[in-house]
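Note sheet for the following structure.
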Amino acid sequence: VRRLELVLLLVGYGHVGQRYAALLDEVADSLGFVCRVGGIATRHHGSALHPDGLDPSRATALVRDDQSLDRLDPAPRERTGVTFVQAGLDLFAAEAAEGRLVVVETTLLDITAGEPAISHVRAALEGRAHVVTANKGPVAFAHRTLDALAESVDRLFLFEGVVMDGVPVFNLVRETMPAVRVQSFRGVVNTTSNYVIGAMEAGDEMAEAVAEMQAKGIAEADPSLDLEGWDAAAKAAALANVLLGGELTPRHVERQGIAHLTGRDVRDAVQQGRRLKLVAGGERDAGGTRAWVRVEALPAADPLAGLQGVENALYLQTDLLGEIGIVQRTGTLTQTAYALVSDLARISQRLRGM
Ligand SMILES: NC(=O)c1ccc[n+]([C@@H]2O[C@H](COP(=O)([O-])OP(=O)(O)OC[C@H]3O[C@@H](n4cnc5c(N)ncnc54)[C@H](OP(=O)(O)O)[C@@H]3O)[C@@H](O)[C@H]2O)c1
């Protein structure tokens, strides 16, 4: 039997994009579809489109060697993210019309407006490609508009990797909790801060722990986004928008980070039987939807207090299921890349009428 083929346009090819391309290859035999990488775009390492598909391992070698991807393109030209998406839509117009073209967005989080990622997503959907992304910007700043656009062109806009990597949060609620209304959420969703606070409890300096998270590719490219609570605020906005029907941006989230904490603050809390955690929360209230990120000194009995290292957890208060919890104990790039694989699998299931 011939397996369904999806054509992918990768916008962004850094830690996440490269690990994703490699993981697709590793799990190829367990997927009910095959993938052809039709194009890859970066900001400083050029871009390439090829009708027959590119070899991701060659692309990875070029980028790691600080060379340009243009060498893989039969007719290279300078393109920004949006013009790359448009050129890809032209080249793969037939696949787009059949619903087999997917734009995979893994560029950097822009905390001022979610751009240019939102423009990448919009251009893709307008050209009738599906979109999967691990970038918080589009869903944190423009979920409602992009979701409506996707619906209007009968394509999917999926973003499981935005919160807790590949551990299902959005897909869990959307796919497996019909008729359930989420009333509020509360969780530890920024891996870098949790790791840093834990390391400070053990006597390490904040800067050392941040450097470790950078070396693992987990901290944001600009780690102040983690330490000042912006990453968690973007996730809180995404959760509030999707699970609570809000229309927030990260700027609407009441925000506190961990940058001001000293080793003494962290260890004093431990001495009092508590642990400091950067907690993100959100709820529906009379005025609509509200979300926040703040440092809390949690007593040991709190289910978020025991999280160690790179662990994340999210608790949802619901009407029909009461409180449910989702815990992620492993957080490496493989889990982030897996989120994009799981979103792609959903697209293939839809195409196959499953
Ligand atoms: N790392 C994680 O653990 C993790 C987990 C969950 C979600 N995420 C999210 O995933 C996204 C990617 O993270 P990452 O760690 O892979 O970042 P990264 O290593 O810095 O890679 C970012 C990639 O995007 C490219 N890029 C940036 N701006 C672009 C533009 N305007 N047009 C085209 N390409 C552009 C960069 O190109 P150049 O390198 O050539 O400049 C690079 O290839 C971020 O939004 C992040 O928040 C990351």
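Going through the structure tokens in order, the chains are called A, B, and so on, while each chain numbers its residues from 1 and the ligands are numbered from 1 in the order shown.
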Nearby polymer residues, ligand 1, at most 6 Å, only C-alpha atoms and all ligand atoms, as a ChimeraX atom specification:
/A:11-17,41-45,80-81,106-109,116,134-136,161-162,165,217-218,221,333,336
Can you tell me, as number ranges by chain, which residues in region 100-320 of chain A count as alpha helix (DSSP H) by DSSP?
A: 117-126, 136-152, 170-176, 191-201, 206-215, 224-227, 230-243, 263-271
Atom-to-atom span, CA of Leu227 (chain A) and CA of Ala215 (chain A), Å:
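A separation of 16.0 Å between them.
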Would you list the contacts of Ala93 (chain A) as a count of residues only, taking every protein, DNA or RNA residue within 12 Å and counting only C-alpha atoms, but skipping same-chain residues closer than 4 positions in sequence?
18
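By chain and then residue number, the residues within 9 Å of region 62-70 of chain A are Tyr13, Gly14, Ile40, Ala41, Thr42, His44, His45, Gly46, Ser47, Ala48, Leu49, Ser57, Arg58, Ala59, Thr60, Leu72, Asp73, Pro74, Ala75, Pro76, Arg77 and Glu78 of chain A, counting only C-alpha atoms and disregarding those fewer than 2 positions away in sequence.
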Selection above as a file: N, CA, C and O atoms, as a PDB file, in the first residue's frame:
ATOM      1  N   TYR A  13      15.392  26.538  11.632  1.00  0.00           N
ATOM      2  CA  TYR A  13      16.115  25.259  11.635  1.00  0.00           C
ATOM      3  C   TYR A  13      17.245  25.346  12.653  1.00  0.00           C
ATOM      4  O   TYR A  13      18.419  25.277  12.332  1.00  0.00           O
ATOM      5  N   GLY A  14      16.824  25.539  13.918  1.00  0.00           N
ATOM      6  CA  GLY A  14      17.790  25.600  15.020  1.00  0.00           C
ATOM      7  C   GLY A  14      17.719  24.311  15.819  1.00  0.00           C
ATOM      8  O   GLY A  14      17.559  23.225  15.258  1.00  0.00           O
ATOM      9  N   ILE A  40      13.632  24.518   3.615  1.00  0.00           N
ATOM     10  CA  ILE A  40      14.073  24.923   4.954  1.00  0.00           C
ATOM     11  C   ILE A  40      14.486  26.389   4.880  1.00  0.00           C
ATOM     12  O   ILE A  40      15.213  26.781   3.957  1.00  0.00           O
ATOM     13  N   ALA A  41      14.025  27.177   5.855  1.00  0.00           N
ATOM     14  CA  ALA A  41      14.436  28.588   5.898  1.00  0.00           C
ATOM     15  C   ALA A  41      15.021  28.932   7.256  1.00  0.00           C
ATOM     16  O   ALA A  41      14.561  28.421   8.277  1.00  0.00           O
ATOM     17  N   THR A  42      16.042  29.764   7.247  1.00  0.00           N
ATOM     18  CA  THR A  42      16.618  30.282   8.486  1.00  0.00           C
ATOM     19  C   THR A  42      16.743  31.796   8.327  1.00  0.00           C
ATOM     20  O   THR A  42      16.392  32.346   7.283  1.00  0.00           O
ATOM     21  N   HIS A  44      19.903  33.507   9.374  1.00  0.00           N
ATOM     22  CA  HIS A  44      21.300  33.804   9.044  1.00  0.00           C
ATOM     23  C   HIS A  44      22.005  32.708   8.253  1.00  0.00           C
ATOM     24  O   HIS A  44      23.184  32.827   7.949  1.00  0.00           O
ATOM     25  N   HIS A  45      21.297  31.626   7.975  1.00  0.00           N
ATOM     26  CA  HIS A  45      21.931  30.505   7.266  1.00  0.00           C
ATOM     27  C   HIS A  45      21.228  30.186   5.953  1.00  0.00           C
ATOM     28  O   HIS A  45      21.204  29.037   5.521  1.00  0.00           O
ATOM     29  N   GLY A  46      20.651  31.205   5.329  1.00  0.00           N
ATOM     30  CA  GLY A  46      20.058  31.033   4.015  1.00  0.00           C
ATOM     31  C   GLY A  46      18.804  30.168   4.037  1.00  0.00           C
ATOM     32  O   GLY A  46      18.233  29.889   5.106  1.00  0.00           O
ATOM     33  N   SER A  47      18.382  29.758   2.845  1.00  0.00           N
ATOM     34  CA  SER A  47      17.189  28.927   2.735  1.00  0.00           C
ATOM     35  C   SER A  47      17.314  28.075   1.475  1.00  0.00           C
ATOM     36  O   SER A  47      18.124  28.376   0.589  1.00  0.00           O
ATOM     37  N   ALA A  48      16.535  27.029   1.407  1.00  0.00           N
ATOM     38  CA  ALA A  48      16.558  26.167   0.219  1.00  0.00           C
ATOM     39  C   ALA A  48      15.179  25.580   0.002  1.00  0.00           C
ATOM     40  O   ALA A  48      14.473  25.241   0.957  1.00  0.00           O
ATOM     41  N   LEU A  49      14.807  25.483  -1.278  1.00  0.00           N
ATOM     42  CA  LEU A  49      13.579  24.782  -1.674  1.00  0.00           C
ATOM     43  C   LEU A  49      13.988  23.792  -2.742  1.00  0.00           C
ATOM     44  O   LEU A  49      14.863  24.107  -3.575  1.00  0.00           O
ATOM     45  N   SER A  57      19.788  15.805   6.875  1.00  0.00           N
ATOM     46  CA  SER A  57      21.079  15.649   7.562  1.00  0.00           C
ATOM     47  C   SER A  57      22.152  16.505   6.879  1.00  0.00           C
ATOM     48  O   SER A  57      23.024  17.060   7.546  1.00  0.00           O
ATOM     49  N   ARG A  58      22.042  16.672   5.567  1.00  0.00           N
ATOM     50  CA  ARG A  58      22.979  17.595   4.891  1.00  0.00           C
ATOM     51  C   ARG A  58      22.724  19.034   5.325  1.00  0.00           C
ATOM     52  O   ARG A  58      23.652  19.806   5.546  1.00  0.00           O
ATOM     53  N   ALA A  59      21.443  19.374   5.450  1.00  0.00           N
ATOM     54  CA  ALA A  59      21.100  20.735   5.886  1.00  0.00           C
ATOM     55  C   ALA A  59      21.643  20.991   7.291  1.00  0.00           C
ATOM     56  O   ALA A  59      22.214  22.044   7.581  1.00  0.00           O
ATOM     57  N   THR A  60      21.498  19.999   8.174  1.00  0.00           N
ATOM     58  CA  THR A  60      21.982  20.151   9.539  1.00  0.00           C
ATOM     59  C   THR A  60      23.500  20.336   9.549  1.00  0.00           C
ATOM     60  O   THR A  60      24.035  21.205  10.258  1.00  0.00           O
ATOM     61  N   LEU A  72      21.939  24.013  -1.275  1.00  0.00           N
ATOM     62  CA  LEU A  72      21.077  22.856  -1.551  1.00  0.00           C
ATOM     63  C   LEU A  72      19.950  23.199  -2.523  1.00  0.00           C
ATOM     64  O   LEU A  72      19.159  22.335  -2.894  1.00  0.00           O
ATOM     65  N   ASP A  73      19.869  24.483  -2.910  1.00  0.00           N
ATOM     66  CA  ASP A  73      18.749  24.940  -3.748  1.00  0.00           C
ATOM     67  C   ASP A  73      19.191  25.038  -5.197  1.00  0.00           C
ATOM     68  O   ASP A  73      20.202  25.669  -5.491  1.00  0.00           O
ATOM     69  N   PRO A  74      18.435  24.416  -6.126  1.00  0.00           N
ATOM     70  CA  PRO A  74      18.820  24.497  -7.533  1.00  0.00           C
ATOM     71  C   PRO A  74      18.787  25.933  -8.076  1.00  0.00           C
ATOM     72  O   PRO A  74      19.506  26.250  -9.028  1.00  0.00           O
ATOM     73  N   ALA A  75      17.949  26.793  -7.508  1.00  0.00           N
ATOM     74  CA  ALA A  75      17.897  28.198  -7.960  1.00  0.00           C
ATOM     75  C   ALA A  75      17.843  29.102  -6.729  1.00  0.00           C
ATOM     76  O   ALA A  75      16.809  29.674  -6.401  1.00  0.00           O
ATOM     77  N   PRO A  76      18.979  29.197  -6.015  1.00  0.00           N
ATOM     78  CA  PRO A  76      18.950  29.896  -4.725  1.00  0.00           C
ATOM     79  C   PRO A  76      18.591  31.372  -4.865  1.00  0.00           C
ATOM     80  O   PRO A  76      18.956  32.004  -5.840  1.00  0.00           O
ATOM     81  N   ARG A  77      17.854  31.867  -3.889  1.00  0.00           N
ATOM     82  CA  ARG A  77      17.638  33.312  -3.832  1.00  0.00           C
ATOM     83  C   ARG A  77      17.403  33.729  -2.393  1.00  0.00           C
ATOM     84  O   ARG A  77      17.095  32.886  -1.548  1.00  0.00           O
ATOM     85  N   GLU A  78      17.573  35.024  -2.178  1.00  0.00           N
ATOM     86  CA  GLU A  78      17.413  35.508  -0.814  1.00  0.00           C
ATOM     87  C   GLU A  78      15.923  35.620  -0.486  1.00  0.00           C
ATOM     88  O   GLU A  78      15.162  36.188  -1.247  1.00  0.00           O
TER      89      GLU A  78
END
Check the smallest atom-to-atom distance from each of A:Arg79, A:His143, A:His130, A:Arg329 to Ala237 (chain A) using only C-alpha atoms, then report the winner.
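So, comparing all the options, the nearest one is A:His143.
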List as a ChimeraX atom specification the protein and nucleic acid residues near Thr262 (chain A), meaning an atom at most 10 Å away when only C-alpha atoms are counted, but skip any in the same chain fewer than 4 places from it.
/A:197,200-201,205-206,258,266-268
